Structures are given as structure tokens and as C-alpha cells.
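Enquirer: Structure file query.cif (mmCIF, C-alpha atoms, pLDDT in the B column; chains and numbers go by the auth columns) right here:
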```cif
data_entry
loop_
_atom_site.group_PDB
_atom_site.id
_atom_site.type_symbol
_atom_site.label_atom_id
_atom_site.label_comp_id
_atom_site.label_asym_id
_atom_site.label_seq_id
_atom_site.Cartn_x
_atom_site.Cartn_y
_atom_site.Cartn_z
_atom_site.B_iso_or_equiv
_atom_site.auth_seq_id
_atom_site.auth_asym_id
ATOM 1 C CA MET A 1 -5.297 10.450 11.299 54.00 262 A
ATOM 2 C CA SER A 2 -5.771 7.125 9.568 59.00 263 A
ATOM 3 C CA ILE A 3 -8.913 6.395 7.586 79.00 264 A
ATOM 4 C CA ASP A 4 -11.392 3.686 8.567 81.00 265 A
ATOM 5 C CA GLN A 5 -10.336 0.457 6.875 86.00 266 A
ATOM 6 C CA LYS A 6 -13.949 -0.728 6.786 81.00 267 A
ATOM 7 C CA ASN A 7 -14.671 1.963 4.193 85.00 268 A
ATOM 8 C CA LEU A 8 -11.973 0.838 1.758 94.00 269 A
ATOM 9 C CA GLN A 9 -13.237 -0.101 -1.708 95.00 270 A
ATOM 10 C CA ILE A 10 -10.871 -2.694 -3.161 96.00 271 A
ATOM 11 C CA ASP A 11 -10.626 -2.944 -6.949 96.00 272 A
ATOM 12 C CA ARG A 12 -10.707 -6.645 -7.873 96.00 273 A
ATOM 13 C CA GLN A 13 -9.092 -5.779 -11.198 96.00 274 A
ATOM 14 C CA GLU A 14 -6.016 -4.569 -9.313 96.00 275 A
ATOM 15 C CA ILE A 15 -5.807 -7.919 -7.537 97.00 276 A
ATOM 16 C CA LEU A 16 -5.866 -9.682 -10.922 97.00 277 A
ATOM 17 C CA ARG A 17 -3.048 -7.411 -12.089 96.00 278 A
ATOM 18 C CA TYR A 18 -0.921 -8.411 -9.103 96.00 279 A
ATOM 19 C CA LEU A 19 -1.690 -12.043 -9.961 97.00 280 A
ATOM 20 C CA GLY A 20 -0.229 -11.487 -13.441 95.00 281 A
ATOM 21 C CA TYR A 21 -3.509 -11.369 -15.388 94.00 282 A
ATOM 22 C CA GLY A 22 -2.715 -7.960 -16.864 92.00 283 A
ATOM 23 C CA THR A 23 -5.897 -6.353 -18.228 91.00 284 A
ATOM 24 C CA THR A 24 -7.904 -9.603 -18.386 94.00 285 A
ATOM 25 C CA PRO A 25 -11.440 -8.662 -17.256 94.00 286 A
ATOM 26 C CA LEU A 26 -12.840 -10.215 -14.108 94.00 287 A
ATOM 27 C CA ALA A 27 -15.643 -11.835 -16.104 94.00 288 A
ATOM 28 C CA ALA A 28 -13.091 -13.881 -18.065 96.00 289 A
ATOM 29 C CA VAL A 29 -11.484 -15.395 -14.955 96.00 290 A
ATOM 30 C CA GLU A 30 -12.532 -18.734 -13.426 96.00 291 A
ATOM 31 C CA ASP A 31 -15.376 -18.475 -10.920 97.00 292 A
ATOM 32 C CA SER A 32 -13.348 -20.269 -8.246 96.00 293 A
ATOM 33 C CA ILE A 33 -10.641 -17.598 -8.436 97.00 294 A
ATOM 34 C CA VAL A 34 -13.107 -14.701 -8.406 97.00 295 A
ATOM 35 C CA ASN A 35 -14.980 -16.203 -5.464 97.00 296 A
ATOM 36 C CA PHE A 36 -11.814 -16.648 -3.421 98.00 297 A
ATOM 37 C CA ILE A 37 -10.711 -13.098 -4.252 98.00 298 A
ATOM 38 C CA ASP A 38 -13.971 -11.881 -2.688 97.00 299 A
ATOM 39 C CA GLU A 39 -13.335 -14.042 0.387 98.00 300 A
ATOM 40 C CA ALA A 40 -9.749 -12.829 0.637 98.00 301 A
ATOM 41 C CA VAL A 41 -10.781 -9.170 0.490 98.00 302 A
ATOM 42 C CA GLU A 42 -13.320 -9.720 3.247 97.00 303 A
ATOM 43 C CA MET A 43 -10.787 -11.513 5.453 97.00 304 A
ATOM 44 C CA VAL A 44 -8.041 -8.909 5.022 97.00 305 A
ATOM 45 C CA LEU A 45 -10.381 -6.000 5.766 97.00 306 A
ATOM 46 C CA GLU A 46 -11.869 -7.784 8.770 96.00 307 A
ATOM 47 C CA LYS A 47 -8.813 -9.311 10.417 96.00 308 A
ATOM 48 C CA CYS A 48 -5.955 -6.870 9.741 96.00 309 A
ATOM 49 C CA ARG A 49 -5.136 -4.019 12.120 95.00 310 A
ATOM 50 C CA MET A 50 -4.075 -1.330 9.676 96.00 311 A
ATOM 51 C CA ARG A 51 -2.010 1.631 10.820 96.00 312 A
ATOM 52 C CA PHE A 52 -0.767 4.793 9.135 96.00 313 A
ATOM 53 C CA ILE A 53 1.513 7.585 10.298 97.00 314 A
ATOM 54 C CA SER A 54 3.051 10.603 8.568 96.00 315 A
ATOM 55 C CA LYS A 55 5.229 13.575 9.421 97.00 316 A
ATOM 56 C CA ILE A 56 6.308 16.699 7.528 96.00 317 A
ATOM 57 C CA PHE A 57 10.015 17.556 7.233 96.00 318 A
ATOM 58 C CA SER A 58 12.003 20.340 5.599 96.00 319 A
ATOM 59 C CA LEU A 59 13.579 19.524 2.233 94.00 320 A
ATOM 60 C CA HIS A 60 16.879 20.903 0.917 91.00 321 A
ATOM 61 C CA VAL A 61 18.840 20.429 -2.306 85.00 322 A
ATOM 62 C CA LEU A 62 22.506 19.823 -1.483 84.00 323 A
ATOM 63 C CA ASP A 63 24.246 20.041 -4.856 78.00 324 A
ATOM 64 C CA ARG A 64 24.062 22.168 -7.971 69.00 325 A
ATOM 65 C CA ALA A 65 22.961 19.235 -10.132 71.00 326 A
ATOM 66 C CA GLY A 66 19.958 18.684 -7.862 65.00 327 A
ATOM 67 C CA ALA A 67 20.489 14.927 -7.426 81.00 328 A
ATOM 68 C CA SER A 68 21.530 15.150 -3.781 90.00 329 A
ATOM 69 C CA LEU A 69 19.029 16.264 -1.148 91.00 330 A
ATOM 70 C CA SER A 70 18.272 16.124 2.547 93.00 331 A
ATOM 71 C CA ILE A 71 15.015 15.517 4.386 94.00 332 A
ATOM 72 C CA GLY A 72 14.959 16.843 7.911 91.00 333 A
ATOM 73 C CA GLU A 73 18.283 17.182 9.686 87.00 334 A
ATOM 74 C CA THR A 74 19.679 13.667 9.194 90.00 335 A
ATOM 75 C CA MET A 75 18.379 11.972 6.025 94.00 336 A
ATOM 76 C CA GLU A 76 20.725 12.625 3.078 95.00 337 A
ATOM 77 C CA ILE A 77 19.838 10.997 -0.248 95.00 338 A
ATOM 78 C CA GLU A 78 21.549 10.603 -3.613 94.00 339 A
ATOM 79 C CA SER A 79 18.800 9.913 -6.141 94.00 340 A
ATOM 80 C CA LYS A 80 18.107 11.524 -9.496 92.00 341 A
ATOM 81 C CA SER A 81 14.651 9.954 -9.755 92.00 342 A
ATOM 82 C CA LEU A 82 13.535 11.086 -6.291 93.00 343 A
ATOM 83 C CA SER A 83 15.033 14.538 -6.834 92.00 344 A
ATOM 84 C CA GLN A 84 13.019 14.894 -10.037 90.00 345 A
ATOM 85 C CA ASN A 85 9.875 13.815 -8.193 90.00 346 A
ATOM 86 C CA LEU A 86 10.505 16.429 -5.471 92.00 347 A
ATOM 87 C CA LYS A 87 11.618 19.255 -7.775 89.00 348 A
ATOM 88 C CA GLY A 88 10.258 22.595 -6.619 88.00 349 A
ATOM 89 C CA CYS A 89 9.273 21.322 -3.148 93.00 350 A
ATOM 90 C CA GLN A 90 10.562 22.802 0.102 92.00 351 A
ATOM 91 C CA GLU A 91 8.868 20.276 2.367 95.00 352 A
ATOM 92 C CA ALA A 92 8.277 16.544 2.192 96.00 353 A
ATOM 93 C CA VAL A 93 6.005 14.077 3.959 97.00 354 A
ATOM 94 C CA LEU A 94 7.467 10.835 5.239 97.00 355 A
ATOM 95 C CA MET A 95 4.779 8.187 5.658 98.00 356 A
ATOM 96 C CA ALA A 96 4.484 4.595 6.766 98.00 357 A
ATOM 97 C CA ALA A 97 1.555 2.196 6.543 97.00 358 A
ATOM 98 C CA THR A 98 1.078 -1.426 7.505 97.00 359 A
ATOM 99 C CA LEU A 99 -1.586 -4.120 7.449 97.00 360 A
ATOM 100 C CA GLY A 100 0.013 -5.615 10.540 97.00 361 A
ATOM 101 C CA VAL A 101 1.158 -9.147 11.270 98.00 362 A
ATOM 102 C CA GLU A 102 -2.345 -10.415 10.579 98.00 363 A
ATOM 103 C CA ALA A 103 -1.821 -10.089 6.812 98.00 364 A
ATOM 104 C CA ASP A 104 1.402 -12.125 6.972 98.00 365 A
ATOM 105 C CA GLN A 105 -0.407 -14.755 9.004 98.00 366 A
ATOM 106 C CA LEU A 106 -3.247 -15.014 6.472 98.00 367 A
ATOM 107 C CA ILE A 107 -0.809 -15.389 3.581 98.00 368 A
ATOM 108 C CA SER A 108 1.198 -18.036 5.436 98.00 369 A
ATOM 109 C CA ARG A 109 -1.913 -19.989 6.473 97.00 370 A
ATOM 110 C CA TYR A 110 -3.397 -20.154 2.994 97.00 371 A
ATOM 111 C CA SER A 111 -0.049 -20.838 1.319 97.00 372 A
ATOM 112 C CA ARG A 112 0.330 -23.960 3.454 97.00 373 A
ATOM 113 C CA LYS A 113 -3.214 -25.009 2.668 94.00 374 A
ATOM 114 C CA ASP A 114 -3.254 -24.306 -1.082 96.00 375 A
ATOM 115 C CA MET A 115 -0.508 -22.504 -3.021 96.00 376 A
ATOM 116 C CA SER A 116 -2.946 -20.825 -5.419 96.00 377 A
ATOM 117 C CA GLN A 117 -5.019 -19.492 -2.531 97.00 378 A
ATOM 118 C CA GLY A 118 -1.816 -18.241 -0.894 98.00 379 A
ATOM 119 C CA LEU A 119 -0.948 -16.303 -4.058 98.00 380 A
ATOM 120 C CA ILE A 120 -4.424 -14.784 -4.187 98.00 381 A
ATOM 121 C CA MET A 121 -4.191 -13.768 -0.530 98.00 382 A
ATOM 122 C CA GLU A 122 -0.783 -12.195 -1.202 98.00 383 A
ATOM 123 C CA ALA A 123 -2.134 -10.216 -4.180 98.00 384 A
ATOM 124 C CA THR A 124 -5.183 -9.165 -2.195 98.00 385 A
ATOM 125 C CA ALA A 125 -3.078 -7.880 0.701 98.00 386 A
ATOM 126 C CA THR A 126 -0.926 -5.926 -1.763 98.00 387 A
ATOM 127 C CA ALA A 127 -3.994 -4.305 -3.332 97.00 388 A
ATOM 128 C CA VAL A 128 -5.380 -3.459 0.104 97.00 389 A
ATOM 129 C CA ILE A 129 -2.200 -1.797 1.410 97.00 390 A
ATOM 130 C CA GLU A 130 -1.943 0.275 -1.778 96.00 391 A
ATOM 131 C CA GLU A 131 -5.574 1.417 -1.498 96.00 392 A
ATOM 132 C CA PHE A 132 -5.062 2.155 2.195 96.00 393 A
ATOM 133 C CA CYS A 133 -2.093 4.381 1.282 96.00 394 A
ATOM 134 C CA ASP A 134 -4.036 6.031 -1.549 95.00 395 A
ATOM 135 C CA GLN A 135 -6.948 6.987 0.674 94.00 396 A
ATOM 136 C CA ASN A 136 -4.730 8.340 3.440 94.00 397 A
ATOM 137 C CA GLN A 137 -2.815 10.315 0.830 94.00 398 A
ATOM 138 C CA LEU A 138 -6.073 11.827 -0.465 93.00 399 A
ATOM 139 C CA CYS A 139 -6.985 12.886 3.074 93.00 400 A
ATOM 140 C CA MET A 140 -3.607 14.581 3.529 94.00 401 A
ATOM 141 C CA GLU A 141 -3.904 16.286 0.162 93.00 402 A
ATOM 142 C CA ALA A 142 -7.359 17.650 0.984 92.00 403 A
ATOM 143 C CA GLU A 143 -5.913 19.274 4.099 92.00 404 A
ATOM 144 C CA LEU A 144 -2.955 20.699 2.167 93.00 405 A
ATOM 145 C CA ASN A 145 -5.268 22.110 -0.503 93.00 406 A
ATOM 146 C CA ARG A 146 -6.652 24.460 2.134 92.00 407 A
ATOM 147 C CA ARG A 147 -3.141 25.931 2.348 91.00 408 A
ATOM 148 C CA GLN A 148 -2.909 26.251 -1.454 93.00 409 A
ATOM 149 C CA LYS A 149 -0.559 23.286 -1.572 94.00 410 A
ATOM 150 C CA THR A 150 -0.694 19.797 -3.076 93.00 411 A
ATOM 151 C CA LEU A 151 1.062 16.446 -2.766 93.00 412 A
ATOM 152 C CA ARG A 152 3.377 14.794 -5.237 93.00 413 A
ATOM 153 C CA PRO A 153 3.016 11.014 -5.798 93.00 414 A
ATOM 154 C CA ARG A 154 4.545 8.821 -3.116 94.00 415 A
ATOM 155 C CA PHE A 155 8.029 7.481 -3.805 96.00 416 A
ATOM 156 C CA SER A 156 9.370 4.508 -1.834 96.00 417 A
ATOM 157 C CA PRO A 157 12.918 3.297 -1.091 96.00 418 A
ATOM 158 C CA GLY A 158 13.915 0.680 -3.640 95.00 419 A
ATOM 159 C CA TYR A 159 12.069 2.500 -6.465 93.00 420 A
ATOM 160 C CA GLY A 160 14.316 3.806 -9.257 91.00 421 A
ATOM 161 C CA ASP A 161 17.667 4.839 -7.799 93.00 422 A
ATOM 162 C CA PHE A 162 16.224 5.645 -4.365 95.00 423 A
ATOM 163 C CA ALA A 163 18.296 3.144 -2.360 96.00 424 A
ATOM 164 C CA ILE A 164 16.521 0.591 -0.184 97.00 425 A
ATOM 165 C CA LYS A 165 18.940 1.401 2.664 96.00 426 A
ATOM 166 C CA HIS A 166 16.940 4.588 3.321 96.00 427 A
ATOM 167 C CA GLN A 167 14.255 2.440 4.922 97.00 428 A
ATOM 168 C CA ARG A 168 16.470 2.716 8.023 96.00 429 A
ATOM 169 C CA ASP A 169 16.253 6.513 7.991 96.00 430 A
ATOM 170 C CA MET A 170 12.514 6.477 7.508 96.00 431 A
ATOM 171 C CA ILE A 171 11.600 4.084 10.298 97.00 432 A
ATOM 172 C CA LYS A 172 13.913 6.006 12.635 96.00 433 A
ATOM 173 C CA LEU A 173 12.469 9.427 11.788 97.00 434 A
ATOM 174 C CA LEU A 174 8.910 8.121 12.056 97.00 435 A
ATOM 175 C CA ASP A 175 9.672 5.961 15.107 97.00 436 A
ATOM 176 C CA THR A 176 7.682 3.139 13.514 98.00 437 A
ATOM 177 C CA PRO A 177 8.814 0.309 15.842 97.00 438 A
ATOM 178 C CA ARG A 178 7.206 2.090 18.776 97.00 439 A
ATOM 179 C CA GLN A 179 4.380 3.815 16.931 96.00 440 A
ATOM 180 C CA MET A 180 3.075 0.919 14.837 97.00 441 A
ATOM 181 C CA GLY A 181 5.246 -2.170 15.343 97.00 442 A
ATOM 182 C CA LEU A 182 6.952 -1.727 11.953 98.00 443 A
ATOM 183 C CA THR A 183 10.600 -2.850 11.892 98.00 444 A
ATOM 184 C CA LEU A 184 13.297 -3.842 9.400 97.00 445 A
ATOM 185 C CA THR A 185 15.071 -7.070 8.557 96.00 446 A
ATOM 186 C CA ASP A 186 18.852 -7.137 8.117 94.00 447 A
ATOM 187 C CA GLY A 187 18.247 -6.709 4.373 93.00 448 A
ATOM 188 C CA CYS A 188 16.193 -3.524 4.933 95.00 449 A
ATOM 189 C CA MET A 189 12.906 -5.244 4.142 97.00 450 A
ATOM 190 C CA LEU A 190 9.865 -4.127 6.122 98.00 451 A
ATOM 191 C CA ALA A 191 8.321 -6.372 8.760 98.00 452 A
ATOM 192 C CA PRO A 192 5.384 -7.008 8.707 98.00 453 A
ATOM 193 C CA ALA A 193 5.835 -7.606 5.001 97.00 454 A
ATOM 194 C CA LYS A 194 2.621 -5.911 3.845 98.00 455 A
ATOM 195 C CA SER A 195 3.850 -2.453 4.772 98.00 456 A
ATOM 196 C CA VAL A 196 4.900 0.662 2.871 97.00 457 A
ATOM 197 C CA THR A 197 7.171 3.612 3.540 98.00 458 A
ATOM 198 C CA ALA A 198 7.289 6.540 1.146 97.00 459 A
ATOM 199 C CA VAL A 199 8.282 10.146 0.561 97.00 460 A
ATOM 200 C CA MET A 200 5.813 12.672 -0.852 96.00 461 A
ATOM 201 C CA GLY A 201 6.769 16.206 -1.827 95.00 462 A
ATOM 202 C CA ILE A 202 4.605 19.156 -0.785 96.00 463 A
ATOM 203 C CA ALA A 203 4.291 21.619 -3.659 93.00 464 A
ATOM 204 C CA ASP A 204 2.592 24.972 -4.132 92.00 465 A
ATOM 205 C CA PHE A 205 -0.307 24.905 -6.578 84.00 466 A
ATOM 206 C CA ASP A 206 1.639 27.102 -8.999 70.00 467 A
ATOM 207 C CA SER A 207 4.628 24.733 -9.073 60.00 468 A
ATOM 208 C CA ASP A 208 2.333 21.920 -10.226 58.00 469 A
ATOM 209 C CA GLY A 209 0.957 23.833 -13.177 50.00 470 A
ATOM 210 C CA GLY A 210 -1.217 26.565 -11.704 46.00 471 A
ATOM 211 C CA GLY A 211 -4.470 25.089 -13.040 44.00 472 A
ATOM 212 C CA LYS A 212 -7.845 26.608 -12.287 43.00 473 A
ATOM 213 C CA ASN A 213 -9.192 23.570 -10.467 47.00 474 A
ATOM 214 C CA GLN A 214 -7.880 20.799 -8.230 47.00 475 A
ATOM 215 C CA ASP A 215 -7.752 18.134 -10.952 46.00 476 A
ATOM 216 C CA GLU A 216 -5.579 20.374 -13.118 41.00 477 A
ATOM 217 C CA ARG A 217 -3.274 21.247 -10.235 42.00 478 A
ATOM 218 C CA ARG A 218 -2.721 17.733 -8.971 46.00 479 A
ATOM 219 C CA CYS A 219 0.187 15.653 -10.150 47.00 480 A
ATOM 220 C CA THR A 220 -1.610 12.485 -11.219 46.00 481 A
ATOM 221 C CA VAL A 221 1.357 10.385 -12.354 44.00 482 A
ATOM 222 C CA LYS A 222 2.032 7.469 -10.026 53.00 483 A
ATOM 223 C CA GLY A 223 3.011 3.830 -9.949 57.00 484 A
ATOM 224 C CA CYS A 224 3.282 2.227 -13.370 55.00 485 A
ATOM 225 C CA GLU A 225 2.809 5.555 -15.141 48.00 486 A
ATOM 226 C CA ALA A 226 5.971 6.899 -13.516 51.00 487 A
ATOM 227 C CA CYS A 227 8.073 3.781 -14.074 54.00 488 A
ATOM 228 C CA ASP A 228 10.277 3.200 -17.133 54.00 489 A
ATOM 229 C CA LYS A 229 10.209 -0.605 -16.846 49.00 490 A
ATOM 230 C CA ILE A 230 7.751 -1.071 -19.695 51.00 491 A
ATOM 231 C CA ASP A 231 8.213 -4.859 -19.965 52.00 492 A
ATOM 232 C CA CYS A 232 6.951 -5.580 -16.424 53.00 493 A
ATOM 233 C CA GLN A 233 4.246 -8.260 -16.359 45.00 494 A
ATOM 234 C CA TYR A 234 2.410 -6.361 -13.613 44.00 495 A
ATOM 235 C CA ARG A 235 2.288 -3.069 -15.502 51.00 496 A
ATOM 236 C CA ARG A 236 -1.080 -1.361 -15.871 54.00 497 A
ATOM 237 C CA ASN A 237 -2.484 -1.121 -19.401 56.00 498 A
ATOM 238 C CA ARG A 238 0.407 -3.043 -20.929 49.00 499 A
#
```
Spit out the file's structure as C-alpha cells when you get a sec.

Expert:
Amino acid sequence: MSIDQKNLQIDRQEILRYLGYGTTPLAAVEDSIVNFIDEAVEMVLEKCRMRFISKIFSLHVLDRAGASLSIGETMEIESKSLSQNLKGCQEAVLMAATLGVEADQLISRYSRKDMSQGLIMEATATAVIEEFCDQNQLCMEAELNRRQKTLRPRFSPGYGDFAIKHQRDMIKLLDTPRQMGLTLTDGCMLAPAKSVTAVMGIADFDSDGGGKNQDERRCTVKGCEACDKIDCQYRRNR
């Protein structure tokens, strides 16, 4: 079940990071930019029809080296980075989320009007879809905790050596065209553009460290912290 988008709390500092400001504090940014960021957040949360779906599949390692695996009956993947992320898991969640066509329309409208406002709207939509995914992931994890299980960080096609072509497998297994209007371009890019697909491993508490409390058991590495591209201008805490 998807969370209520009206309850999302969007970190303006994340929007600045997507705009290339790095760790520059909000107070040091021009008032006109900060003011439009606030407007953009309000518009995205009000106008977009956000959707989220997920489904649990079995997970199997196919080779002795552990770099080849299958999710469900049909999705076979060659990826060392994804295999490492899913190490020790016997099940995986496939998920998809979208802000809908409304986000694309907002970005297009403001890009035609003013390029800088278009960039801010783009960064805002990116921050919103990531927060939307985060909050849905937390809801799923809370449910899994009751079964003495936890979630690994989400891992999307195109990240590391997890080939972008696997978007095809994911939208087919999740039936996203029918369920949420999420399709693919010929180049395996998601449409609407402000959408996410990802894999998340389901692990037993003990396989994630066996800590005494939830914070110790959870795998907290995600995003920039899990990426080896240390020269990226959008990296957190660079």
C-alpha cells in the first residue's frame, strides 16, 4: 500500500544537491532560488499522482562465483554489484514508483518559461520521487521486521553493472503498464521520466549483523554511500 504523498517531508538540501550545489547550506543560496524551490515542492506534491507497487519473488544464485542470479522464474541477471547487495538473501522485492505524467508536464512547462526554473523543477521532482521511495521502503521494512526480517537498500537497473536492459524484466513482472501507466522507451528508459524501479533483498536479522535493536540490524548504506564514483558532482558530503 502506497503512503500518502501529502505527508512527504522534502529535504530542500537534497534539491540543492541535485542542482549541483553540493553541501552549500540553504541560507547561502539566493532568495529567488530558495523561494522557487518552495513553490516547486508545493506544486509537485499537489499536482502529481504518485503510485507505488511491489512484489516479493524467490531469489537463487546460479553460479559458484555468486555473480549470476535469478529473481522469480524468468529474470536472470549477471551482476557482481547486485549479487553483493543481495548476498545471503533468499527472497527479493521488485518495486516500481512514479510521480506520473504530471511531473514531466511541470518540468516541460517551466523549462519553456525559464530554463533555471525548469532545472529547479527537475531537481525537485527527483528529490520527491526518492523520498516517496524511501518512505514506502520504510513501510515495507516495518512489516518485514515483524517476521524477523529486514530490507537491503534498493538497487536499480543501470546502477553499477546491473544492466539497464533489466528494466524490461521488471516492468513485465510488475505489470506496470497496466498497474500504474509506467512503460519503457526503446532505450529502456522509464516513461514517465520521474519513475524508479529497483530490487531490494529480504534478509534475516542475523544475516545483517544480528544486532540487539533495529538500527543495528538494518543495512543503512544506500545511494552515494554505496557508490564508488567519488568524483561525482552530486555526491553527498563530497

Enquirer: Specify as JSON, numbers by chain each residue included when the PyMOL selection byres ((chain A and resi 417-424) around 8) is applied to this file.

Expert: {"A": [338, 339, 340, 341, 342, 343, 415, 416, 425, 426, 427, 428, 457, 458, 459, 460, 488]}

Enquirer: When the PyMOL selection byres ((chain A and resi 276) around 9) is applied to the structure above, which residues does it catch, written out as number ranges by chain?

Expert: A: 271-275, 277-282, 298, 381, 384-389

Enquirer: How close does each residue of stretch 274-342 of chain A get to stretch 356-364 of chain A, giving the shortest atom pair and distance in Å to one decimal for every residue with an atom at most 8 Å away, counting all atoms listed in the file, sorted by chain and residue number, as CSV?

Expert:
```
residue,atom,partner,partner_atom,distance
A:Val305,CA,A:Ala364,CA,6.6
A:Lys308,CA,A:Glu363,CA,6.6
A:Cys309,CA,A:Glu363,CA,5.1
A:Arg310,CA,A:Gly361,CA,5.6
A:Met311,CA,A:Leu360,CA,4.4
A:Arg312,CA,A:Thr359,CA,5.5
A:Phe313,CA,A:Ala358,CA,4.3
A:Ile314,CA,A:Ala357,CA,5.5
A:Ser315,CA,A:Met356,CA,4.2
A:Lys316,CA,A:Met356,CA,6.6
```

Enquirer: Between A:Gln345, A:Asn268, A:Ala353, A:Glu300, single out the one closest to A:His321, counting all atoms listed in the file.

Expert: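 Smallest separation from A:His321 among the options: A:Ala353.
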
Enquirer: Between atom CA of A:Asp324 and atom CA of A:Leu445, what is the distance, to one decimal in Å?

Expert: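 Atom CA of A:Asp324 sits 29.9 Å away from atom CA of A:Leu445.
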
Enquirer: What does the structure give for the distance between atom CA of A:Gly333 and atom CA of A:Ser319, in Å to one decimal?

Expert: 5.1 Å

Enquirer: Could you jot down the atom CA of A:Met431 to atom CA of A:Glu334 separation for me, Å, one decimal place?

Expert: 12.4 Å

Enquirer: Name the residues in contact with stretch 400-413 of chain A at a cut-off of 8 Å, using all atoms listed in the file, excluding same-chain residues fewer than 2 positions from it; report them as a ChimeraX atom specification.

Expert: /A:346-347,396-398,415,461-466,478-480

Enquirer: With distances taken over only C-alpha atoms, which residue among A:Ile390, A:Arg373, A:Leu320, A:Met441 lies nearest A:Lys348?

Expert: A:Leu320

Enquirer: Just need the box for stretch 262-273 of chain A, edges along x, y and z, holding every atom the file lists for it with 4 Å tacked onto each side, so centre and edge lengths in Å to one decimal, as JSON.

Expert:
```
{"center_x": -10.0, "center_y": 1.9, "center_z": 1.7, "size_x": 17.4, "size_y": 25.1, "size_z": 27.2}
```
